[in-house]
Amino acid sequence: MTATTHLIFGLFTETPLHAGGGSKDGLIDLPIQREIHSGWPCVFGSAMKGALRARADQLGVDDDLKVTAFGPDTLNASDHAGALLVGDARLLLLPVRSLTGHFRMVTCPALLRRFVADRARAGLTGPIPAIPEVEQGSVQVKNPQGKGDIFLEEFCFTPQPWSTADEWVELLLALVAPVPGLEEKDVRETLASQLTVVDDDSFSHFCRSAIPVLPHVRINSQTKTVEGGGLWHEESLPPDTLLYCVVAAQPPRSKRYHDMNSAKLLEQACEALFASGPYLQVGGNETTGMGWCRVARVAAELPGGEQ
Amino acid sequence: MSRQRWLFQAVDTWFFREARAHEAVGVGQLDSQFPPPVSTLMGAVRTALGDLAGIDWHRFATEQEYFNWLGDGGQLGAMSVNGPHLYLADKPLYAVPADLLAGMGDDAQQQFSRLRIGEPVRSDLGFVALPELNDAPLGSKPLAGVWLTSAGMARWQAGECPRQDQLVWRKDHISNEPRLGIGRDNRTATVQEGLLYQTLHLRFHSDSELRIGLELDGVPEEVAERLPSVTGLRLGGEGREAHVSIEPLHASQVADVPHTESGDRGLILMLETPGVFLTDGQAQWCLPGFTAVQNEAGLTTHWQGSIADVELKLISVAMDRSQRVGGWDQRQRKPKAVTSRVAPGSLFYCELADSSAGLQGALEALDGQQVGEDQAWGMGRLRVGRWR
């Protein structure tokens, strides 16, 4: 149906991101949001939509465009629906500590498979490299020769060659917005050297054990000591995590924009949100600098299907 | 006019709010219904069709230019629906019949059994037959959170219990995902007073092929020929997306009817889709148009009526609790009244009023018939089974 237009936002975290899951999880007082069946970290679509709307508010985006895209405020919610359907931000690359060098950007076949399916749903075309098959106890990297074993956290893996690593790097690179001063070839080389694919079970383990959990205290300003009960543990996605979020636009319902098609509305909304810079604050602790993401836009209707 | 099958698959989560408001007394967390009411699905379908036809929704609300075929939230215009049904990939699933029980056998394996209809007993309904256990293991209880495959349905229709591999468990495909949400005041970057809410979303497993299907009839040809084979639509609460595939249908698939055998007592009518039984002066659980028949002592013994010209004696009933369905009336911008529907899987045990009539012919005549109100919405569709 021509009525719906899709776009993928690539979200590359520049600071820790805490999208709160709401209820205490074991020893962690403030866990992050996770997909319930897999335990993979995510940012729920409602939180992503809230973040996009907050940016529109901060930038002073035209009220009609804002209401058309995101819907009226709570008191007028029954007027019409917003045109944007904002999906969950889904994990694609998780930075994991490595004893044998710099950290590695880790993914797994299940995540890559889902990304391919989401690309297809968003109408993106182009060649897709094969999904790697990874045995337990091994990892696939671009150049395993002479590297010896690779340690991720405390686990040892045998590196295997990943024949389609370069093609995957190109696909993933489209989700990382460029930054002035950082040459694209440098970013490509860095990603190629860090990209590591592990088996699905190991990745699930890293999603539990390799996510930073930081203790926080609340200081009594007068005594300069910790207040009673003022200790809590907070989980957050680390910087350099790559997520993506599929956004769909349906035909606008507001009076001013009802003649506009969904593709045009999506284009206008994106321009209003990101023309001043490819940044979005997602999740909590905004005032302590958390949740800043670099946003890339990947759309089907652009030349070559992507930008 | 043309027919299509619309299949809805979750992209990430869905939320089909139960028929209570966030602010209702006693509400902590709002649960999600599954499958959703047909009105929810048809809301998405009508929106898609209207967009495709180029409807100006602001005029639609007042001028009703397209009303004759597209209808509104109360009546479907020229369209009608068969469903909703669940599908696993492209294989249909069925609500589990209310007489099917699961318990633990002596060998510590799950054992299925079916209720049987006992001898009449005196009760508040009269001198009527009620369902009772039939050699079921101790602790057996009705199956919940499960659907039958076609093969399982065929075994039930034939009077048997389905096999374990003919059941599809909800927990293997969907997890309940609790959400804690806030309304945020972006001017102050704080939570809006009173806007903290808890919901339970349905998270579909990555490898799940569970889909919701509707068979839709009555779309004008000029609109139907422009329908795409796949699209994305808003479905349910919180603006969640559904991946939708649309395929033309040329004829309804005719289901197999079980073969009766001599000695069969009668037939069982199973509601495949929810039933809306609102006949004046009649209990809402009873088949519409059926009236109580009393003995010389003035006690009701059974109910009698006809469906598709087959005169039936309703002897007993087995059913789950009724479904409560509300919704939002976009046109009037207010909640719809909450109504009760007889749950899918509810069973009506019937004998032929004319015992000389052929039971096999009755089964064939009754399978696929609809009873009650809102038949254009697919309500009250019947499947038949043997009552041995």
# chains A, B, ... in the order shown; residues from 1 in each chain; ligands from 1
call {"tool": "interface_residues", "arguments": {"of": "chain A", "to": "chain B", "cutoff": "7 Å", "atoms": "only C-alpha atoms", "output": "VMD selection string"}}
result
chain A and resid 1 3 to 4 22 36 to 37 54 57 78 85 88
call {"tool": "residues_around", "arguments": {"residues": "Leu267 (chain B)", "least_positions_apart": "4", "cutoff": "9 Å", "atoms": "only C-alpha atoms", "output": "short mmCIF file (atom, residue, chain, number, x, y, z; two decimals) with N, CA, C and O atoms, in the first residue's frame"}}
result
data_model
loop_
_atom_site.label_atom_id
_atom_site.label_comp_id
_atom_site.auth_asym_id
_atom_site.auth_seq_id
_atom_site.Cartn_x
_atom_site.Cartn_y
_atom_site.Cartn_z
N THR B 260 -20.83 -39.44 11.22
CA THR B 260 -21.54 -39.97 12.38
C THR B 260 -21.58 -41.49 12.30
O THR B 260 -21.40 -42.08 11.23
N PHE B 348 -22.42 -26.46 22.63
CA PHE B 348 -23.85 -26.66 22.80
C PHE B 348 -24.17 -28.09 22.38
O PHE B 348 -24.00 -28.44 21.20
N TYR B 349 -24.61 -28.90 23.34
CA TYR B 349 -24.89 -30.32 23.08
C TYR B 349 -26.34 -30.44 22.65
O TYR B 349 -27.25 -30.09 23.41
N CYS B 350 -26.55 -30.93 21.44
CA CYS B 350 -27.91 -30.95 20.88
C CYS B 350 -28.30 -32.35 20.40
O CYS B 350 -27.45 -33.12 19.91
N GLU B 351 -29.59 -32.64 20.53
CA GLU B 351 -30.18 -33.81 19.89
C GLU B 351 -31.11 -33.31 18.80
O GLU B 351 -31.59 -32.16 18.86
N LEU B 352 -31.36 -34.16 17.82
CA LEU B 352 -32.32 -33.77 16.79
C LEU B 352 -33.73 -33.87 17.37
O LEU B 352 -34.06 -34.87 18.03
N LEU B 359 -28.74 -37.71 11.12
CA LEU B 359 -27.78 -36.90 11.88
C LEU B 359 -26.67 -36.36 10.98
O LEU B 359 -26.22 -35.21 11.13
N ALA B 362 -27.72 -33.33 9.23
CA ALA B 362 -27.78 -32.18 10.13
C ALA B 362 -26.39 -31.59 10.34
O ALA B 362 -26.21 -30.37 10.34
N LEU B 363 -25.40 -32.45 10.52
CA LEU B 363 -24.03 -31.96 10.71
C LEU B 363 -23.59 -31.14 9.50
O LEU B 363 -22.99 -30.06 9.64
N VAL B 384 -19.14 -28.20 13.88
CA VAL B 384 -19.92 -29.30 14.46
C VAL B 384 -19.00 -30.47 14.83
O VAL B 384 -17.96 -30.69 14.21
N GLY B 385 -19.42 -31.19 15.85
CA GLY B 385 -18.71 -32.40 16.25
C GLY B 385 -19.71 -33.48 16.62
O GLY B 385 -20.89 -33.20 16.85
N ARG B 386 -19.21 -34.70 16.66
CA ARG B 386 -20.08 -35.82 17.06
C ARG B 386 -20.33 -35.77 18.57
O ARG B 386 -19.42 -35.48 19.34
N TRP B 387 -21.55 -36.06 18.97
CA TRP B 387 -21.83 -36.29 20.39
C TRP B 387 -22.07 -37.78 20.53
O TRP B 387 -23.11 -38.28 20.19
N ARG B 388 -21.02 -38.46 20.98
CA ARG B 388 -21.07 -39.93 21.00
C ARG B 388 -21.76 -40.44 22.24
O ARG B 388 -21.73 -39.81 23.28
#
call {"tool": "closest_residue", "arguments": {"among": "B:Ala19, B:Leu143, B:Leu7, B:Ala357", "to": "Gln323 (chain B)", "atoms": "only C-alpha atoms"}}
result
B:Ala19
call {"tool": "residues_around", "arguments": {"residues": "Gly327 (chain B)", "least_positions_apart": "5", "cutoff": "12 Å", "atoms": "only C-alpha atoms", "output": "ChimeraX atom specification"}}
result
/B:16-21,33,36-41,43,73-74,236-237,332-339
call {"tool": "write_last_selection", "arguments": {"atoms": "N, CA, C and O atoms", "output": "JSON list (two decimals), in the first residue's frame"}}
result
[["chain", "number", "residue", "atom", "x", "y", "z"],
["B", 16, "PHE", "N", -3.47, -4.98, 23.03],
["B", 16, "PHE", "CA", -4.92, -4.91, 22.81],
["B", 16, "PHE", "C", -5.57, -4.79, 24.18],
["B", 16, "PHE", "O", -5.78, -5.80, 24.86],
["B", 17, "ARG", "N", -5.85, -3.58, 24.56],
["B", 17, "ARG", "CA", -6.25, -3.30, 25.93],
["B", 17, "ARG", "C", -7.53, -4.03, 26.33],
["B", 17, "ARG", "O", -8.49, -4.06, 25.57],
["B", 18, "GLU", "N", -7.50, -4.62, 27.52],
["B", 18, "GLU", "CA", -8.71, -5.22, 28.06],
["B", 18, "GLU", "C", -9.76, -4.13, 28.26],
["B", 18, "GLU", "O", -9.45, -2.94, 28.22],
["B", 19, "ALA", "N", -11.01, -4.56, 28.48],
["B", 19, "ALA", "CA", -12.12, -3.61, 28.48],
["B", 19, "ALA", "C", -12.23, -2.88, 29.82],
["B", 19, "ALA", "O", -13.28, -2.85, 30.44],
["B", 20, "ARG", "N", -11.13, -2.32, 30.28],
["B", 20, "ARG", "CA", -11.17, -1.48, 31.48],
["B", 20, "ARG", "C", -10.31, -0.26, 31.21],
["B", 20, "ARG", "O", -9.40, -0.28, 30.40],
["B", 21, "ALA", "N", -10.61, 0.81, 31.91],
["B", 21, "ALA", "CA", -9.85, 2.04, 31.73],
["B", 21, "ALA", "C", -8.68, 2.07, 32.71],
["B", 21, "ALA", "O", -8.70, 1.40, 33.75],
["B", 33, "GLN", "N", -5.63, -8.35, 25.49],
["B", 33, "GLN", "CA", -6.43, -9.46, 24.97],
["B", 33, "GLN", "C", -5.70, -10.11, 23.80],
["B", 33, "GLN", "O", -4.98, -9.43, 23.07],
["B", 36, "PRO", "N", -7.23, -10.22, 19.40],
["B", 36, "PRO", "CA", -8.00, -9.00, 19.63],
["B", 36, "PRO", "C", -9.42, -9.13, 19.08],
["B", 36, "PRO", "O", -9.68, -9.98, 18.23],
["B", 37, "PRO", "N", -10.31, -8.28, 19.53],
["B", 37, "PRO", "CA", -11.68, -8.28, 18.97],
["B", 37, "PRO", "C", -11.63, -7.96, 17.48],
["B", 37, "PRO", "O", -10.75, -7.24, 17.01],
["B", 38, "VAL", "N", -12.60, -8.49, 16.76],
["B", 38, "VAL", "CA", -12.64, -8.27, 15.31],
["B", 38, "VAL", "C", -12.77, -6.78, 14.99],
["B", 38, "VAL", "O", -12.28, -6.31, 13.96],
["B", 39, "SER", "N", -13.40, -6.02, 15.89],
["B", 39, "SER", "CA", -13.56, -4.59, 15.63],
["B", 39, "SER", "C", -12.21, -3.88, 15.59],
["B", 39, "SER", "O", -12.02, -2.93, 14.83],
["B", 40, "THR", "N", -11.25, -4.35, 16.38],
["B", 40, "THR", "CA", -9.90, -3.76, 16.36],
["B", 40, "THR", "C", -9.24, -4.02, 15.01],
["B", 40, "THR", "O", -8.65, -3.13, 14.39],
["B", 41, "LEU", "N", -9.35, -5.26, 14.56],
["B", 41, "LEU", "CA", -8.73, -5.62, 13.27],
["B", 41, "LEU", "C", -9.42, -4.87, 12.13],
["B", 41, "LEU", "O", -8.75, -4.35, 11.21],
["B", 43, "GLY", "N", -10.92, -2.06, 12.29],
["B", 43, "GLY", "CA", -10.54, -0.65, 12.34],
["B", 43, "GLY", "C", -9.29, -0.41, 11.50],
["B", 43, "GLY", "O", -9.22, 0.55, 10.70],
["B", 73, "GLY", "N", -17.61, 2.09, 12.76],
["B", 73, "GLY", "CA", -17.28, 1.18, 13.85],
["B", 73, "GLY", "C", -18.46, 0.36, 14.34],
["B", 73, "GLY", "O", -18.29, -0.60, 15.10],
["B", 74, "GLY", "N", -19.68, 0.71, 13.92],
["B", 74, "GLY", "CA", -20.86, -0.01, 14.38],
["B", 74, "GLY", "C", -21.39, -1.01, 13.38],
["B", 74, "GLY", "O", -21.91, -2.06, 13.74],
["B", 236, "GLY", "N", -4.04, -1.91, 17.15],
["B", 236, "GLY", "CA", -4.19, -1.94, 18.60],
["B", 236, "GLY", "C", -3.68, -0.69, 19.27],
["B", 236, "GLY", "O", -3.52, 0.37, 18.64],
["B", 237, "GLY", "N", -3.39, -0.80, 20.56],
["B", 237, "GLY", "CA", -2.99, 0.36, 21.35],
["B", 237, "GLY", "C", -1.53, 0.71, 21.21],
["B", 237, "GLY", "O", -0.73, -0.08, 20.70],
["B", 332, "GLN", "N", -17.56, 9.20, 17.49],
["B", 332, "GLN", "CA", -18.18, 9.98, 18.56],
["B", 332, "GLN", "C", -17.18, 10.38, 19.63],
["B", 332, "GLN", "O", -17.53, 11.07, 20.59],
["B", 333, "ARG", "N", -15.96, 9.91, 19.50],
["B", 333, "ARG", "CA", -14.88, 10.22, 20.44],
["B", 333, "ARG", "C", -15.28, 9.92, 21.88],
["B", 333, "ARG", "O", -15.22, 10.76, 22.76],
["B", 334, "LYS", "N", -15.72, 8.71, 22.06],
["B", 334, "LYS", "CA", -16.01, 8.27, 23.42],
["B", 334, "LYS", "C", -15.91, 6.74, 23.45],
["B", 334, "LYS", "O", -15.99, 6.08, 22.40],
["B", 335, "PRO", "N", -15.74, 6.18, 24.65],
["B", 335, "PRO", "CA", -15.62, 4.72, 24.72],
["B", 335, "PRO", "C", -16.92, 4.04, 24.31],
["B", 335, "PRO", "O", -18.00, 4.57, 24.55],
["B", 336, "LYS", "N", -16.78, 2.88, 23.68],
["B", 336, "LYS", "CA", -17.97, 2.09, 23.39],
["B", 336, "LYS", "C", -18.43, 1.42, 24.68],
["B", 336, "LYS", "O", -17.63, 1.17, 25.58],
["B", 337, "ALA", "N", -19.73, 1.12, 24.71],
["B", 337, "ALA", "CA", -20.25, 0.39, 25.87],
["B", 337, "ALA", "C", -19.58, -0.99, 25.92],
["B", 337, "ALA", "O", -19.36, -1.62, 24.89],
["B", 338, "VAL", "N", -19.25, -1.43, 27.12],
["B", 338, "VAL", "CA", -18.65, -2.76, 27.26],
["B", 338, "VAL", "C", -19.76, -3.80, 27.17],
["B", 338, "VAL", "O", -20.79, -3.68, 27.82],
["B", 339, "THR", "N", -19.54, -4.80, 26.31],
["B", 339, "THR", "CA", -20.55, -5.84, 26.12],
["B", 339, "THR", "C", -19.94, -7.21, 26.38],
["B", 339, "THR", "O", -18.71, -7.37, 26.35]]
call {"tool": "residues_around", "arguments": {"residues": "Cys245 (chain A)", "least_positions_apart": "2", "cutoff": "10 Å", "atoms": "only C-alpha atoms", "output": "CSV table (one decimal) with N, CA, C and O atoms, in the first residue's frame"}}
result
chain,number,residue,atom,x,y,z
A,7,LEU,N,11.2,3.9,7.4
A,7,LEU,CA,12.6,4.5,7.5
A,7,LEU,C,13.2,3.8,8.7
A,7,LEU,O,12.6,3.4,9.6
A,8,ILE,N,14.5,3.6,8.6
A,8,ILE,CA,15.3,3.0,9.7
A,8,ILE,C,16.2,4.1,10.3
A,8,ILE,O,17.0,4.7,9.6
A,9,PHE,N,16.1,4.3,11.6
A,9,PHE,CA,17.0,5.1,12.3
A,9,PHE,C,18.1,4.2,12.9
A,9,PHE,O,17.8,3.3,13.6
A,10,GLY,N,19.4,4.6,12.6
A,10,GLY,CA,20.5,3.9,13.2
A,10,GLY,C,20.8,4.8,14.5
A,10,GLY,O,21.0,6.0,14.4
A,11,LEU,N,21.0,4.1,15.6
A,11,LEU,CA,21.3,4.8,16.9
A,11,LEU,C,22.6,4.4,17.4
A,11,LEU,O,22.7,3.2,17.8
A,42,CYS,N,16.8,-3.4,24.8
A,42,CYS,CA,16.1,-2.6,23.7
A,42,CYS,C,15.6,-1.3,24.3
A,42,CYS,O,15.8,-1.1,25.5
A,43,VAL,N,15.1,-0.5,23.5
A,43,VAL,CA,14.4,0.7,24.0
A,43,VAL,C,13.0,0.6,23.4
A,43,VAL,O,12.8,0.6,22.2
A,44,PHE,N,12.0,0.5,24.3
A,44,PHE,CA,10.6,0.3,23.8
A,44,PHE,C,10.2,1.5,22.9
A,44,PHE,O,10.6,2.6,23.0
A,45,GLY,N,9.3,1.1,22.0
A,45,GLY,CA,8.9,2.1,21.0
A,45,GLY,C,8.3,3.4,21.6
A,45,GLY,O,8.4,4.5,21.1
A,48,MET,N,11.1,5.6,22.6
A,48,MET,CA,11.7,6.2,21.4
A,48,MET,C,10.8,7.3,20.9
A,48,MET,O,11.3,8.4,20.5
A,86,VAL,N,6.3,4.2,15.8
A,86,VAL,CA,7.7,4.1,16.1
A,86,VAL,C,8.0,2.7,16.8
A,86,VAL,O,7.4,2.4,17.8
A,87,GLY,N,8.8,2.0,16.2
A,87,GLY,CA,9.1,0.6,16.7
A,87,GLY,C,10.1,0.7,17.8
A,87,GLY,O,10.7,1.7,18.1
A,88,ASP,N,10.3,-0.5,18.4
A,88,ASP,CA,11.4,-0.6,19.4
A,88,ASP,C,12.7,-0.3,18.8
A,88,ASP,O,13.0,-0.7,17.6
A,89,ALA,N,13.6,0.3,19.6
A,89,ALA,CA,15.0,0.4,19.1
A,89,ALA,C,15.7,-1.0,19.5
A,89,ALA,O,15.7,-1.4,20.6
A,90,ARG,N,16.1,-1.7,18.4
A,90,ARG,CA,16.6,-3.0,18.6
A,90,ARG,C,18.2,-3.1,18.6
A,90,ARG,O,18.8,-2.4,17.8
A,91,LEU,N,18.7,-3.9,19.4
A,91,LEU,CA,20.2,-4.0,19.5
A,91,LEU,C,20.7,-4.7,18.3
A,91,LEU,O,20.2,-5.6,17.7
A,118,ASP,N,14.0,-6.9,9.1
A,118,ASP,CA,13.5,-5.5,9.3
A,118,ASP,C,13.8,-4.7,8.1
A,118,ASP,O,13.0,-3.8,7.7
A,243,LEU,N,22.1,0.5,17.9
A,243,LEU,CA,20.8,0.0,17.8
A,243,LEU,C,20.1,0.6,16.6
A,243,LEU,O,20.7,1.5,15.9
A,247,VAL,N,10.8,3.1,11.8
A,247,VAL,CA,9.7,4.0,11.9
A,247,VAL,C,8.8,4.0,10.7
A,247,VAL,O,9.4,4.0,9.5
A,248,ALA,N,7.5,3.8,10.9
A,248,ALA,CA,6.6,3.8,9.7
A,248,ALA,C,5.7,5.1,9.8
A,248,ALA,O,5.4,5.5,10.9
A,297,ARG,N,19.9,8.0,9.2
A,297,ARG,CA,18.6,7.6,8.5
A,297,ARG,C,18.9,6.8,7.3
A,297,ARG,O,19.7,7.1,6.5
call {"tool": "residues_around", "arguments": {"residues": "Lys141 (chain B)", "least_positions_apart": "6", "cutoff": "8 Å", "atoms": "only C-alpha atoms", "output": "PyMOL selection string"}}
result
chain B and resi 101-103
call {"tool": "write_last_selection", "arguments": {"atoms": "N, CA and C atoms", "output": "mmCIF file, in the first residue's frame"}}
result
data_model
loop_
_atom_site.group_PDB
_atom_site.id
_atom_site.type_symbol
_atom_site.label_atom_id
_atom_site.label_comp_id
_atom_site.auth_asym_id
_atom_site.auth_seq_id
_atom_site.Cartn_x
_atom_site.Cartn_y
_atom_site.Cartn_z
ATOM 1 N N LEU B 101 -10.145 -31.309 28.805
ATOM 2 C CA LEU B 101 -9.452 -31.140 30.080
ATOM 3 C C LEU B 101 -8.052 -31.725 29.978
ATOM 4 N N ALA B 102 -7.136 -31.187 30.758
ATOM 5 C CA ALA B 102 -5.787 -31.747 30.840
ATOM 6 C C ALA B 102 -5.477 -32.057 32.287
ATOM 7 N N GLY B 103 -4.889 -33.208 32.519
ATOM 8 C CA GLY B 103 -4.474 -33.598 33.865
ATOM 9 C C GLY B 103 -3.234 -34.462 33.768
#
call {"tool": "select_by_dssp", "arguments": {"residues": "region 155-246 of chain A", "states": "strand (DSSP E or B)", "output": "number ranges by chain"}}
result
A: 155-161, 195-197, 213-220, 225-235, 237, 242-246
call {"tool": "residues_around", "arguments": {"residues": "region 286-293 of chain A", "least_positions_apart": "2", "cutoff": "8 Å", "atoms": "only C-alpha atoms", "output": "PyMOL selection string"}}
result
chain A and resi 11-18+279-284+295
call {"tool": "write_last_selection", "arguments": {"atoms": "all heavy atoms", "output": "CSV table (one decimal), in the first residue's frame"}}
result
chain,number,residue,atom,x,y,z
A,11,LEU,N,21.0,4.1,15.6
A,11,LEU,CA,21.3,4.8,16.9
A,11,LEU,C,22.6,4.4,17.4
A,11,LEU,O,22.7,3.2,17.8
A,11,LEU,CB,20.2,4.6,17.9
A,11,LEU,CG,18.8,5.0,17.5
A,11,LEU,CD1,17.7,4.4,18.4
A,11,LEU,CD2,18.6,6.5,17.6
A,12,PHE,N,23.6,5.2,17.4
A,12,PHE,CA,24.9,4.9,17.9
A,12,PHE,C,25.1,5.6,19.2
A,12,PHE,O,25.2,6.9,19.2
A,12,PHE,CB,26.0,5.3,16.9
A,12,PHE,CG,27.4,4.8,17.2
A,12,PHE,CD1,27.7,3.4,17.0
A,12,PHE,CD2,28.3,5.6,17.7
A,12,PHE,CE1,29.0,3.0,17.3
A,12,PHE,CE2,29.6,5.2,18.0
A,12,PHE,CZ,29.9,3.9,17.8
A,13,THR,N,25.2,4.9,20.3
A,13,THR,CA,25.2,5.6,21.6
A,13,THR,C,26.6,6.3,21.8
A,13,THR,O,27.6,5.7,21.7
A,13,THR,CB,24.9,4.7,22.8
A,13,THR,OG1,25.9,3.7,22.8
A,13,THR,CG2,23.6,4.0,22.6
A,14,GLU,N,26.5,7.6,22.2
A,14,GLU,CA,27.8,8.3,22.5
A,14,GLU,C,28.0,8.4,24.0
A,14,GLU,O,29.1,8.6,24.4
A,14,GLU,CB,27.7,9.7,21.8
A,14,GLU,CG,27.6,9.6,20.3
A,14,GLU,CD,28.3,10.7,19.6
A,14,GLU,OE1,28.3,11.9,20.1
A,14,GLU,OE2,29.0,10.4,18.6
A,15,THR,N,26.9,8.3,24.7
A,15,THR,CA,27.0,8.2,26.2
A,15,THR,C,26.2,7.1,26.7
A,15,THR,O,25.4,6.6,25.9
A,15,THR,CB,26.5,9.6,26.8
A,15,THR,OG1,25.1,9.7,26.5
A,15,THR,CG2,27.3,10.8,26.3
A,16,PRO,N,26.4,6.6,28.0
A,16,PRO,CA,25.5,5.5,28.4
A,16,PRO,C,24.1,5.8,28.3
A,16,PRO,O,23.7,7.0,28.5
A,16,PRO,CB,26.0,5.4,29.9
A,16,PRO,CG,27.3,6.0,30.0
A,16,PRO,CD,27.3,7.1,29.0
A,17,LEU,N,23.3,4.8,28.0
A,17,LEU,CA,21.9,5.0,27.8
A,17,LEU,C,21.1,4.2,28.8
A,17,LEU,O,21.2,2.9,28.8
A,17,LEU,CB,21.5,4.6,26.3
A,17,LEU,CG,20.2,4.9,25.8
A,17,LEU,CD1,20.2,4.9,24.2
A,17,LEU,CD2,19.1,3.9,26.2
A,18,HIS,N,20.3,4.8,29.6
A,18,HIS,CA,19.4,4.1,30.5
A,18,HIS,C,18.0,4.4,30.2
A,18,HIS,O,17.4,5.4,30.5
A,18,HIS,CB,19.7,4.6,32.0
A,18,HIS,CG,18.8,4.0,33.0
A,18,HIS,ND1,18.9,2.7,33.4
A,18,HIS,CD2,17.6,4.5,33.5
A,18,HIS,CE1,17.9,2.4,34.3
A,18,HIS,NE2,17.1,3.5,34.4
A,279,TYR,N,21.5,14.2,16.3
A,279,TYR,CA,21.6,13.7,17.7
A,279,TYR,C,20.2,13.6,18.3
A,279,TYR,O,19.3,14.4,18.0
A,279,TYR,CB,22.5,14.7,18.5
A,279,TYR,CG,23.9,14.7,18.1
A,279,TYR,CD1,24.4,15.6,17.2
A,279,TYR,CD2,24.8,13.7,18.5
A,279,TYR,CE1,25.7,15.6,16.8
A,279,TYR,CE2,26.1,13.6,18.1
A,279,TYR,CZ,26.5,14.6,17.2
A,279,TYR,OH,27.8,14.5,16.8
A,280,LEU,N,20.1,12.6,19.2
A,280,LEU,CA,18.8,12.4,19.9
A,280,LEU,C,19.2,11.9,21.3
A,280,LEU,O,20.0,11.1,21.5
A,280,LEU,CB,18.0,11.3,19.2
A,280,LEU,CG,16.7,11.0,19.8
A,280,LEU,CD1,15.7,12.2,19.6
A,280,LEU,CD2,16.1,9.8,19.1
A,281,GLN,N,18.5,12.5,22.3
A,281,GLN,CA,18.7,12.0,23.7
A,281,GLN,C,17.6,11.0,24.0
A,281,GLN,O,16.4,11.4,23.9
A,281,GLN,CB,18.6,13.2,24.7
A,281,GLN,CG,19.2,12.9,26.1
A,281,GLN,CD,18.1,12.2,26.9
A,281,GLN,OE1,17.0,12.4,26.8
A,281,GLN,NE2,18.6,11.3,27.8
A,282,VAL,N,17.9,9.9,24.4
A,282,VAL,CA,17.0,8.8,24.6
A,282,VAL,C,17.1,8.3,26.1
A,282,VAL,O,18.3,8.1,26.6
A,282,VAL,CB,17.2,7.6,23.7
A,282,VAL,CG1,16.2,6.5,23.9
A,282,VAL,CG2,17.2,8.1,22.2
A,283,GLY,N,16.0,8.0,26.7
A,283,GLY,CA,16.1,7.4,28.1
A,283,GLY,C,16.3,8.5,29.2
A,283,GLY,O,16.2,9.7,28.9
A,284,GLY,N,16.6,8.0,30.4
A,284,GLY,CA,16.6,8.8,31.5
A,284,GLY,C,18.0,9.5,31.8
A,284,GLY,O,18.9,9.3,31.0
A,295,VAL,N,22.3,9.8,15.2
A,295,VAL,CA,21.2,9.2,14.5
A,295,VAL,C,21.5,9.2,13.0
A,295,VAL,O,21.7,10.3,12.4
A,295,VAL,CB,19.9,9.9,14.7
A,295,VAL,CG1,18.7,9.3,14.0
A,295,VAL,CG2,19.6,9.9,16.2
call {"tool": "residues_around", "arguments": {"residues": "region 367-382 of chain B", "least_positions_apart": "6", "cutoff": "7 Å", "atoms": "only C-alpha atoms", "output": "PDB file with C-alpha atoms, in the first residue's frame"}}
result
ATOM      1  CA  VAL B  38     -12.639  -8.274  15.310  1.00  0.00           C
ATOM      2  CA  SER B  80     -18.433  -8.848   5.846  1.00  0.00           C
ATOM      3  CA  VAL B  81     -15.839 -10.827   7.727  1.00  0.00           C
ATOM      4  CA  ASN B  82     -15.037 -14.435   8.391  1.00  0.00           C
ATOM      5  CA  GLY B  83     -12.807 -14.613  11.448  1.00  0.00           C
ATOM      6  CA  LEU B 269     -22.099 -27.138  18.129  1.00  0.00           C
ATOM      7  CA  MET B 270     -18.863 -25.300  18.890  1.00  0.00           C
ATOM      8  CA  LEU B 271     -18.520 -21.552  18.595  1.00  0.00           C
ATOM      9  CA  GLU B 272     -15.512 -20.942  16.385  1.00  0.00           C
ATOM     10  CA  THR B 273     -15.769 -17.163  16.800  1.00  0.00           C
ATOM     11  CA  PRO B 274     -17.319 -15.193  19.691  1.00  0.00           C
ATOM     12  CA  GLY B 275     -21.094 -15.197  19.914  1.00  0.00           C
ATOM     13  CA  VAL B 276     -23.326 -12.181  20.523  1.00  0.00           C
ATOM     14  CA  PHE B 277     -26.562 -13.579  21.886  1.00  0.00           C
ATOM     15  CA  PRO B 288     -30.636 -17.453  19.987  1.00  0.00           C
TER      16      PRO B 288
END
call {"tool": "closest_residue", "arguments": {"among": "A:Val198, A:Leu30, A:Ala177, A:Ile131", "to": "Ser236 (chain A)", "atoms": "only C-alpha atoms"}}
result
A:Leu30
call {"tool": "atom_distance", "arguments": {"atom1": "CA of Ala251 (chain B)", "atom2": "CA of Trp6 (chain B)"}}
result
14.6 Å
call {"tool": "closest_residue", "arguments": {"among": "A:Thr74, A:Ser163, A:Thr68, A:Gln58", "to": "Leu273 (chain A)", "atoms": "only C-alpha atoms"}}
result
A:Gln58
call {"tool": "select_by_dssp", "arguments": {"residues": "region 95-169 of chain A", "states": "alpha helix (DSSP H)", "output": "JSON, numbers by chain"}}
result
{"A": [109, 110, 111, 112, 113, 114, 115, 116, 117, 118, 119, 120, 121, 165, 166, 167, 168, 169]}
call {"tool": "atom_distance", "arguments": {"atom1": "CA of Ile268 (chain B)", "atom2": "CA of Leu214 (chain B)"}}
result
24.9 Å
call {"tool": "atom_distance", "arguments": {"atom1": "CA of Gly298 (chain B)", "atom2": "CA of Gln284 (chain B)"}}
result
21.6 Å
